[in-house]
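Novice: Dropping in start_13.cif, which is mmCIF, C-alpha atoms:
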data_input
#
loop_
_atom_site.label_atom_id
_atom_site.label_comp_id
_atom_site.auth_asym_id
_atom_site.auth_seq_id
_atom_site.Cartn_x
_atom_site.Cartn_y
_atom_site.Cartn_z
CA MET A 92 113.72 89.09 94.62
CA PRO A 93 110.79 91.45 95.35
CA PRO A 94 110.83 93.10 98.82
CA MET A 95 107.60 91.36 99.81
CA MET A 96 109.09 87.96 99.01
CA LYS A 97 112.22 88.76 101.02
CA THR A 98 110.11 89.64 104.05
CA VAL A 99 108.08 86.44 103.84
CA LEU A 100 111.21 84.31 103.38
CA SER A 101 112.96 85.94 106.35
CA ALA A 102 109.92 85.35 108.58
CA ALA A 103 109.75 81.71 107.53
CA ILE A 104 113.44 81.16 108.33
CA LEU A 105 113.11 82.73 111.78
CA SER A 106 109.94 80.82 112.59
CA THR A 107 111.66 77.50 111.91
CA GLY A 108 114.53 78.38 114.21
CA LEU A 109 117.02 78.48 111.35
CA GLY A 110 117.82 82.20 111.63
CA LEU A 111 121.19 83.32 112.91
CA GLY A 112 119.58 84.71 116.07
CA ALA A 113 118.19 81.31 117.03
CA VAL A 114 121.53 79.61 116.49
CA ALA A 115 123.39 82.19 118.60
CA VAL A 116 121.21 81.88 121.74
CA PRO A 117 123.05 79.83 124.41
CA ALA A 118 121.15 76.86 125.79
CA MET A 119 121.38 78.29 129.33
CA ALA A 120 119.52 81.44 128.26
CA GLN A 121 116.51 79.48 127.01
CA GLN A 122 115.25 78.66 130.50
CA VAL A 123 115.28 80.39 133.87
CA PRO A 124 116.53 78.15 136.71
CA GLY A 125 114.78 80.04 139.51
CA ALA A 126 111.04 80.30 140.16
CA ALA A 127 108.87 81.78 142.91
CA ASP A 128 107.80 78.32 144.04
CA PRO A 129 107.98 77.67 147.82
CA SER A 130 108.10 73.92 147.23
CA ARG A 131 111.62 74.41 145.86
CA VAL A 132 112.88 75.73 149.20
CA ALA A 133 114.65 73.20 151.40
CA ALA A 134 114.89 73.79 155.14
CA GLY A 135 118.32 74.69 156.42
CA ARG A 136 120.99 77.33 156.72
CA TYR A 137 121.92 79.53 153.78
CA THR A 138 124.67 82.11 153.30
CA ALA A 139 124.40 85.36 151.39
CA ASP A 140 125.96 85.48 147.93
CA PRO A 141 127.97 88.74 148.16
CA SER A 142 128.40 88.99 144.38
CA HIS A 143 124.66 88.98 143.73
CA THR A 144 123.26 90.72 146.81
CA GLN A 145 122.77 94.47 146.41
CA ILE A 146 121.34 97.31 148.48
CA THR A 147 120.30 100.44 146.63
CA PHE A 148 119.91 103.66 148.63
CA THR A 149 118.04 106.73 147.36
CA VAL A 150 117.95 110.28 148.72
CA ASP A 151 116.50 113.54 147.48
CA HIS A 152 119.28 115.73 146.09
CA PHE A 153 118.62 119.41 146.92
CA GLY A 154 115.04 118.99 145.68
CA PHE A 155 116.34 118.56 142.13
CA ASN A 156 116.36 114.81 141.64
CA ALA A 157 116.55 111.40 143.25
CA TYR A 158 120.16 110.37 143.79
CA ARG A 159 121.09 106.72 144.16
CA GLY A 160 124.00 104.65 145.31
CA ILE A 161 124.60 100.97 145.78
CA ALA A 162 126.13 98.79 148.46
CA GLY A 163 127.75 95.49 147.61
CA GLY A 164 129.82 92.82 149.30
CA ALA A 165 127.12 91.92 151.82
CA THR A 166 127.59 88.74 153.83
CA GLY A 167 125.27 86.96 156.20
CA THR A 168 123.06 83.99 156.91
CA LEU A 169 119.46 82.90 156.49
CA GLN A 170 117.87 80.13 158.53
CA ILE A 171 114.56 78.99 157.07
CA ASP A 172 112.07 76.15 157.18
CA PRO A 173 109.30 76.40 154.55
CA ALA A 174 107.03 74.41 156.88
CA ASP A 175 107.11 77.36 159.31
CA PRO A 176 108.60 80.44 157.60
CA SER A 177 107.57 82.69 160.49
CA LYS A 178 110.48 81.18 162.45
CA ALA A 179 113.01 82.25 159.80
CA SER A 180 115.90 84.46 160.82
CA VAL A 181 118.36 86.54 158.86
CA ALA A 182 121.57 88.32 159.75
CA MET A 183 123.46 90.57 157.33
CA GLU A 184 126.66 92.61 157.36
CA VAL A 185 127.48 95.27 154.78
CA PRO A 186 130.98 96.78 154.56
CA VAL A 187 130.92 100.58 154.41
CA ASP A 188 133.72 100.52 151.83
CA GLY A 189 131.29 98.64 149.57
CA LEU A 190 129.08 101.74 149.23
CA VAL A 191 129.55 103.44 145.87
CA THR A 192 127.92 106.15 143.75
CA THR A 193 128.77 107.69 140.40
CA SER A 194 131.12 110.14 142.14
CA ALA A 195 134.48 108.96 143.52
CA GLU A 196 134.69 112.17 145.57
CA LEU A 197 131.30 111.49 147.16
CA ASP A 198 132.25 107.85 147.81
CA GLU A 199 135.20 109.09 149.88
CA HIS A 200 133.01 111.65 151.67
CA LEU A 201 130.50 108.93 152.62
CA ARG A 202 133.29 107.17 154.52
CA SER A 203 134.07 110.30 156.56
CA PRO A 204 132.65 111.29 159.98
CA ASP A 205 130.04 113.43 158.19
CA PHE A 206 128.32 110.22 157.15
CA PHE A 207 129.28 106.62 157.99
CA ASN A 208 132.54 107.30 159.87
CA MET A 209 134.09 104.15 158.43
CA ALA A 210 137.29 104.42 160.47
CA SER A 211 135.33 103.80 163.67
CA HIS A 212 132.36 101.84 162.26
CA PRO A 213 133.40 99.85 159.17
CA THR A 214 130.30 97.64 159.04
CA ILE A 215 126.53 98.06 158.83
CA THR A 216 124.57 95.19 160.38
CA PHE A 217 121.00 93.91 160.41
CA ARG A 218 119.63 91.21 162.72
CA SER A 219 116.03 90.04 162.40
CA THR A 220 113.91 89.77 165.54
CA ALA A 221 110.55 88.70 164.09
CA VAL A 222 109.05 87.55 160.78
CA GLU A 223 105.37 87.95 159.89
CA VAL A 224 104.53 85.94 156.76
CA ASP A 225 101.62 86.58 154.40
CA GLY A 226 101.78 84.22 151.43
CA MET A 227 104.77 85.18 149.27
CA THR A 228 105.46 88.35 151.26
CA ALA A 229 106.63 89.05 154.79
CA LYS A 230 107.35 91.85 157.20
CA ILE A 231 110.78 91.30 158.70
CA THR A 232 111.39 93.28 161.88
CA GLY A 233 114.97 93.67 162.97
CA ASP A 234 117.73 95.78 164.44
CA LEU A 235 119.72 97.94 162.03
CA THR A 236 123.07 99.22 163.30
CA ILE A 237 124.84 102.12 161.56
CA ARG A 238 127.68 104.14 163.10
CA GLY A 239 127.28 102.13 166.30
CA VAL A 240 123.64 103.21 166.68
CA THR A 241 120.95 100.51 166.64
CA LYS A 242 117.36 101.21 165.61
CA PRO A 243 114.41 98.91 164.84
CA VAL A 244 113.30 98.73 161.20
CA VAL A 245 110.69 96.75 159.28
CA LEU A 246 111.53 95.34 155.87
CA ASP A 247 108.71 94.70 153.41
CA ALA A 248 110.03 91.53 151.82
CA ARG A 249 108.96 89.33 148.90
CA PHE A 250 110.08 85.82 147.97
CA THR A 251 111.26 86.03 144.35
CA GLY A 252 112.74 82.66 143.46
CA ALA A 253 114.37 79.38 144.34
CA GLY A 254 116.25 76.78 142.37
CA ILE A 255 119.69 75.53 141.44
CA ASN A 256 122.25 78.10 140.32
CA PRO A 257 123.50 76.72 136.97
CA MET A 258 126.95 78.26 137.45
CA ASN A 259 127.95 76.65 140.76
CA LYS A 260 125.11 74.12 141.20
CA ALA A 261 124.18 75.58 144.60
CA ALA A 262 120.59 75.59 145.83
CA THR A 263 119.68 79.29 145.90
CA ILE A 264 116.85 81.41 147.34
CA GLY A 265 116.12 85.00 146.32
CA PHE A 266 114.27 87.82 148.06
CA GLU A 267 113.55 91.49 147.50
CA ALA A 268 112.84 93.95 150.30
CA GLU A 269 112.48 97.65 150.92
CA THR A 270 112.20 100.10 153.78
CA THR A 271 112.75 103.79 154.53
CA ILE A 272 114.99 105.06 157.31
CA ARG A 273 116.04 108.46 158.62
CA ARG A 274 119.79 109.01 158.54
CA SER A 275 119.54 111.48 161.42
CA ASP A 276 118.45 108.54 163.62
CA PHE A 277 121.98 107.21 163.14
CA GLY A 278 123.79 110.50 163.73
CA MET A 279 124.08 111.55 160.07
CA THR A 280 122.66 115.07 160.14
CA TYR A 281 125.11 116.55 157.62
CA ILE A 282 123.37 118.88 155.13
CA VAL A 283 119.84 117.88 156.21
CA PRO A 284 117.32 118.79 154.79
CA MET A 285 119.03 119.89 151.55
CA VAL A 286 119.89 116.26 151.07
CA SER A 287 116.89 114.42 152.47
CA ASP A 288 116.86 112.89 155.90
CA GLU A 289 114.77 110.02 154.54
CA VAL A 290 116.66 107.30 152.72
CA MET A 291 114.87 104.60 150.75
CA LEU A 292 116.55 101.20 150.84
CA GLU A 293 115.85 98.55 148.20
CA ILE A 294 117.41 95.13 148.67
CA GLY A 295 117.89 92.27 146.26
CA ALA A 296 119.34 89.29 148.10
CA ALA A 297 120.50 85.85 146.98
CA PHE A 298 121.25 83.12 149.52
CA GLU A 299 123.00 79.82 148.75
CA VAL A 300 122.66 76.67 150.81
CA ALA A 301 125.54 76.39 153.29
CA SER A 302 127.98 73.61 152.51
#
What is this structure when it is put down as structure tokens?
Specialist:
Amino acid sequence: MPPMMKTVLSAAILSTGLGLGAVAVPAMAQQVPGAADPSRVAAGRYTADPSHTQITFTVDHFGFNAYRGIAGGATGTLQIDPADPSKASVAMEVPVDGLVTTSAELDEHLRSPDFFNMASHPTITFRSTAVEVDGMTAKITGDLTIRGVTKPVVLDARFTGAGINPMNKAATIGFEAETTIRRSDFGMTYIVPMVSDEVMLEIGAAFEVAS
């Protein structure tokens, strides 16, 4: 068969959904269960999904490059009423032993007194104190506690989706947020400024309706 004919035939097969690729796609992958639609949000209490909530932290490494790590295992609660989202409240706890990088040696160092001093302060906490809503975004003011030191922070947050999780059938809400803190504010002055004092935090959070 001439090459041109082969190309036309292959395109025709794929366009009719008879190609191998079309057959192999799972039904679940053909639609996304979550959407950034506030009408999908039911009022009530939600709990953080620790398997799908992540906090990424970024510092400047000796002026050479941005260096990132990730924190997992976060737990917490969200109370929300879409009729008045400004009255929403969120509380989160992040275990220090859930902080990891691409270096096992650095992971251990982060748990030492030079940084998070995990032996004395095993948990990082955040408690919201005010929420200012603007459409699909919000500024969430709250108290961040690291190493036993509490400082106010403002999270720039965005509602990213709501719907039913197809795996466990739980009503789920998703948000993204970011802020920048200074680690020296929490007593972590080790090797500043060679490793930057400023730390960018990027949060992707999933909350499931409480049973």
Novice: Report as a ChimeraX atom specification the full result of the PyMOL selection byres ((chain A and resi 271-279) around 7) when it is applied to this structure.
Specialist: /A:205-206,237-238,240,270,280-281,288-292
Novice: Calculated over all atoms listed in the file, which of the candidates A:Val245, A:Val222, A:Val283, A:Ala210 has the smallest distance to A:Ile171?
Specialist: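 Smallest separation from A:Ile171 among the options: A:Val222.
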Novice: Smallest atom-to-atom distance to A:Gly135: which of A:Val286, A:Val224, A:Ala157, A:Ala179, using all atoms listed in the file?
Specialist: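 Closest to A:Gly135 of all the choices is A:Ala179.
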Novice: Quick check on the file I pasted: which residues fall under the PyMOL selection byres ((chain A and resi 133) around 12)? Write them as an mmCIF file with C-alpha atoms, keeping the file's coordinate frame.
Specialist:
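Final file, out15.cif:
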data_model
loop_
_atom_site.group_PDB
_atom_site.id
_atom_site.type_symbol
_atom_site.label_atom_id
_atom_site.label_comp_id
_atom_site.auth_asym_id
_atom_site.auth_seq_id
_atom_site.Cartn_x
_atom_site.Cartn_y
_atom_site.Cartn_z
ATOM 1 C CA ASP A 128 107.800 78.320 144.040
ATOM 2 C CA PRO A 129 107.980 77.670 147.820
ATOM 3 C CA SER A 130 108.100 73.920 147.230
ATOM 4 C CA ARG A 131 111.620 74.410 145.860
ATOM 5 C CA VAL A 132 112.880 75.730 149.200
ATOM 6 C CA ALA A 134 114.890 73.790 155.140
ATOM 7 C CA GLY A 135 118.320 74.690 156.420
ATOM 8 C CA ARG A 136 120.990 77.330 156.720
ATOM 9 C CA TYR A 137 121.920 79.530 153.780
ATOM 10 C CA LEU A 169 119.460 82.900 156.490
ATOM 11 C CA GLN A 170 117.870 80.130 158.530
ATOM 12 C CA ILE A 171 114.560 78.990 157.070
ATOM 13 C CA ASP A 172 112.070 76.150 157.180
ATOM 14 C CA PRO A 173 109.300 76.400 154.550
ATOM 15 C CA ALA A 174 107.030 74.410 156.880
ATOM 16 C CA ASP A 175 107.110 77.360 159.310
ATOM 17 C CA PRO A 176 108.600 80.440 157.600
ATOM 18 C CA ALA A 253 114.370 79.380 144.340
ATOM 19 C CA GLY A 254 116.250 76.780 142.370
ATOM 20 C CA ILE A 255 119.690 75.530 141.440
ATOM 21 C CA ALA A 261 124.180 75.580 144.600
ATOM 22 C CA ALA A 262 120.590 75.590 145.830
ATOM 23 C CA THR A 263 119.680 79.290 145.900
ATOM 24 C CA ILE A 264 116.850 81.410 147.340
ATOM 25 C CA GLU A 299 123.000 79.820 148.750
ATOM 26 C CA VAL A 300 122.660 76.670 150.810
ATOM 27 C CA ALA A 301 125.540 76.390 153.290
#
Novice: Suppose you want the space between atom CA of A:Arg159 and atom CA of A:Met285; what is it in Å?
Specialist: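 Result for atom CA of A:Arg159 versus atom CA of A:Met285: 15.2 Å, one decimal.
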Novice: Using only C-alpha atoms, find all polymer residues with an atom at most 9 Å away from the point (127.5, 93.4, 157.9); report them as a list of chain:residue names.
Specialist: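 Checking each residue against the 9 Å limit leaves A:Gly164, A:Ala165, A:Thr166, A:Gly167, A:Ala182, A:Met183, A:Glu184, A:Val185, A:Pro186, A:Val187, A:Pro213, A:Thr214, A:Ile215, A:Thr216, A:Phe217.
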Novice: Which residues come within 12 Å of A:Glu223, counting all atoms listed in the file, excluding same-chain residues fewer than 2 positions away, as number ranges by chain?
Specialist: A: 175-180, 219-221, 225-233, 245-249
Novice: Select, from A:Pro257, A:Gly125, A:Pro141, A:Gly154, the residue with the minimum atom-to-atom distance to A:Ser287, counting all atoms listed in the file.
Specialist: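 Looking at the shortest contact to A:Ser287, the residue is A:Gly154.
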Novice: Rounded to one decimal place, report the atom CA of A:Asp234-atom CA of A:Arg218 distance in Å.
Specialist: 5.2 Å
Novice: Choose the residue, out of A:Asp140, A:Ala162, A:Ala126, A:Val181, that has the smallest atom-to-atom separation from A:Glu293; count all atoms listed in the file.
Specialist: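 Closest to A:Glu293 of all the choices is A:Ala162.
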Novice: Between atom CA of A:Asp198 and atom CA of A:Gln145, what distance in Å does the model show, to one decimal?
Specialist: 16.5 Å
Novice: Which protein, DNA or RNA residues are at most 7 Å from (123.3, 106.0, 146.8) in the file's coordinates when you count only C-alpha atoms, listed as a list in words?
Specialist: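 Residues lying no farther than 7 Å from the given point: Thr147, Phe148, Thr149, Tyr158, Arg159, Gly160, Ile161, Val191 and Thr192 of chain A.
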Novice: Write out the residues from the selection above, keeping C-alpha atoms, as a PDB file, in the frame of the given file.
Specialist:
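Output (result.pdb):
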ATOM      1  CA  THR A 147     120.300 100.440 146.630  1.00  0.00           C
ATOM      2  CA  PHE A 148     119.910 103.660 148.630  1.00  0.00           C
ATOM      3  CA  THR A 149     118.040 106.730 147.360  1.00  0.00           C
ATOM      4  CA  TYR A 158     120.160 110.370 143.790  1.00  0.00           C
ATOM      5  CA  ARG A 159     121.090 106.720 144.160  1.00  0.00           C
ATOM      6  CA  GLY A 160     124.000 104.650 145.310  1.00  0.00           C
ATOM      7  CA  ILE A 161     124.600 100.970 145.780  1.00  0.00           C
ATOM      8  CA  VAL A 191     129.550 103.440 145.870  1.00  0.00           C
ATOM      9  CA  THR A 192     127.920 106.150 143.750  1.00  0.00           C
TER      10      THR A 192
END
Novice: Only C-alpha atoms needed: put stretch 163-251 of chain A from the block into a file as a tab-separated table (two decimals), in the first residue's frame.
Specialist:
chain	number	residue	atom	x	y	z
A	163	GLY	CA	2.81	15.92	52.77
A	164	GLY	CA	0.56	14.27	55.31
A	165	ALA	CA	-1.32	17.46	56.15
A	166	THR	CA	-4.51	17.14	58.17
A	167	GLY	CA	-7.11	19.70	59.08
A	168	THR	CA	-10.61	21.03	58.64
A	169	LEU	CA	-12.52	23.48	56.49
A	170	GLN	CA	-15.84	25.00	57.49
A	171	ILE	CA	-17.59	26.70	54.59
A	172	ASP	CA	-20.95	28.01	53.47
A	173	PRO	CA	-21.08	29.10	49.81
A	174	ALA	CA	-23.86	31.53	50.72
A	175	ASP	CA	-21.34	33.48	52.81
A	176	PRO	CA	-17.78	32.30	52.04
A	177	SER	CA	-16.26	35.19	53.98
A	178	LYS	CA	-17.22	33.31	57.16
A	179	ALA	CA	-15.21	30.24	56.12
A	180	SER	CA	-12.49	28.98	58.42
A	181	VAL	CA	-9.61	26.59	57.92
A	182	ALA	CA	-7.21	24.87	60.28
A	183	MET	CA	-4.26	22.77	59.10
A	184	GLU	CA	-1.50	20.72	60.70
A	185	VAL	CA	1.60	19.55	58.84
A	186	PRO	CA	3.97	16.98	60.38
A	187	VAL	CA	7.61	18.04	60.16
A	188	ASP	CA	8.60	14.46	59.33
A	189	GLY	CA	6.48	14.84	56.18
A	190	LEU	CA	8.93	17.39	54.74
A	191	VAL	CA	11.12	15.85	52.04
A	192	THR	CA	13.57	16.94	49.35
A	193	THR	CA	15.70	15.06	46.85
A	194	SER	CA	18.41	14.65	49.49
A	195	ALA	CA	17.96	12.21	52.40
A	196	GLU	CA	20.83	13.94	54.22
A	197	LEU	CA	19.11	17.32	53.91
A	198	ASP	CA	15.78	15.82	55.00
A	199	GLU	CA	17.44	14.73	58.25
A	200	HIS	CA	19.10	18.14	58.66
A	201	LEU	CA	15.74	19.90	58.27
A	202	ARG	CA	14.51	18.01	61.34
A	203	SER	CA	17.44	19.25	63.44
A	204	PRO	CA	17.59	22.36	65.68
A	205	ASP	CA	19.21	24.27	62.78
A	206	PHE	CA	15.83	24.27	61.07
A	207	PHE	CA	12.51	22.86	62.34
A	208	ASN	CA	13.75	21.26	65.58
A	209	MET	CA	11.31	18.39	65.17
A	210	ALA	CA	12.12	16.81	68.54
A	211	SER	CA	10.61	19.80	70.33
A	212	HIS	CA	8.17	21.02	67.65
A	213	PRO	CA	6.93	18.09	65.53
A	214	THR	CA	4.03	19.96	63.90
A	215	ILE	CA	3.50	23.09	61.82
A	216	THR	CA	0.06	24.65	62.22
A	217	PHE	CA	-2.09	27.25	60.48
A	218	ARG	CA	-5.32	28.73	61.83
A	219	SER	CA	-7.31	31.22	59.76
A	220	THR	CA	-8.52	34.42	61.41
A	221	ALA	CA	-10.21	36.19	58.49
A	222	VAL	CA	-11.26	35.50	54.90
A	223	GLU	CA	-11.70	38.22	52.27
A	224	VAL	CA	-13.43	36.83	49.18
A	225	ASP	CA	-13.26	38.27	45.66
A	226	GLY	CA	-15.08	36.03	43.22
A	227	MET	CA	-13.12	32.79	42.83
A	228	THR	CA	-10.17	34.08	44.85
A	229	ALA	CA	-9.66	35.02	48.48
A	230	LYS	CA	-7.10	36.40	50.88
A	231	ILE	CA	-6.96	34.13	53.91
A	232	THR	CA	-5.32	35.73	56.93
A	233	GLY	CA	-4.18	33.41	59.67
A	234	ASP	CA	-1.65	32.44	62.29
A	235	LEU	CA	1.24	30.24	61.17
A	236	THR	CA	3.15	28.45	63.93
A	237	ILE	CA	6.61	26.97	63.27
A	238	ARG	CA	9.06	25.95	65.99
A	239	GLY	CA	6.63	27.26	68.59
A	240	VAL	CA	6.69	30.76	67.07
A	241	THR	CA	3.42	32.19	65.74
A	242	LYS	CA	3.31	34.87	63.03
A	243	PRO	CA	0.46	36.27	60.92
A	244	VAL	CA	0.47	35.38	57.22
A	245	VAL	CA	-1.83	36.04	54.28
A	246	LEU	CA	-2.53	33.29	51.78
A	247	ASP	CA	-3.54	34.25	48.24
A	248	ALA	CA	-6.04	31.48	47.58
A	249	ARG	CA	-8.04	30.33	44.55
A	250	PHE	CA	-10.99	27.95	44.37
A	251	THR	CA	-10.02	25.27	41.82
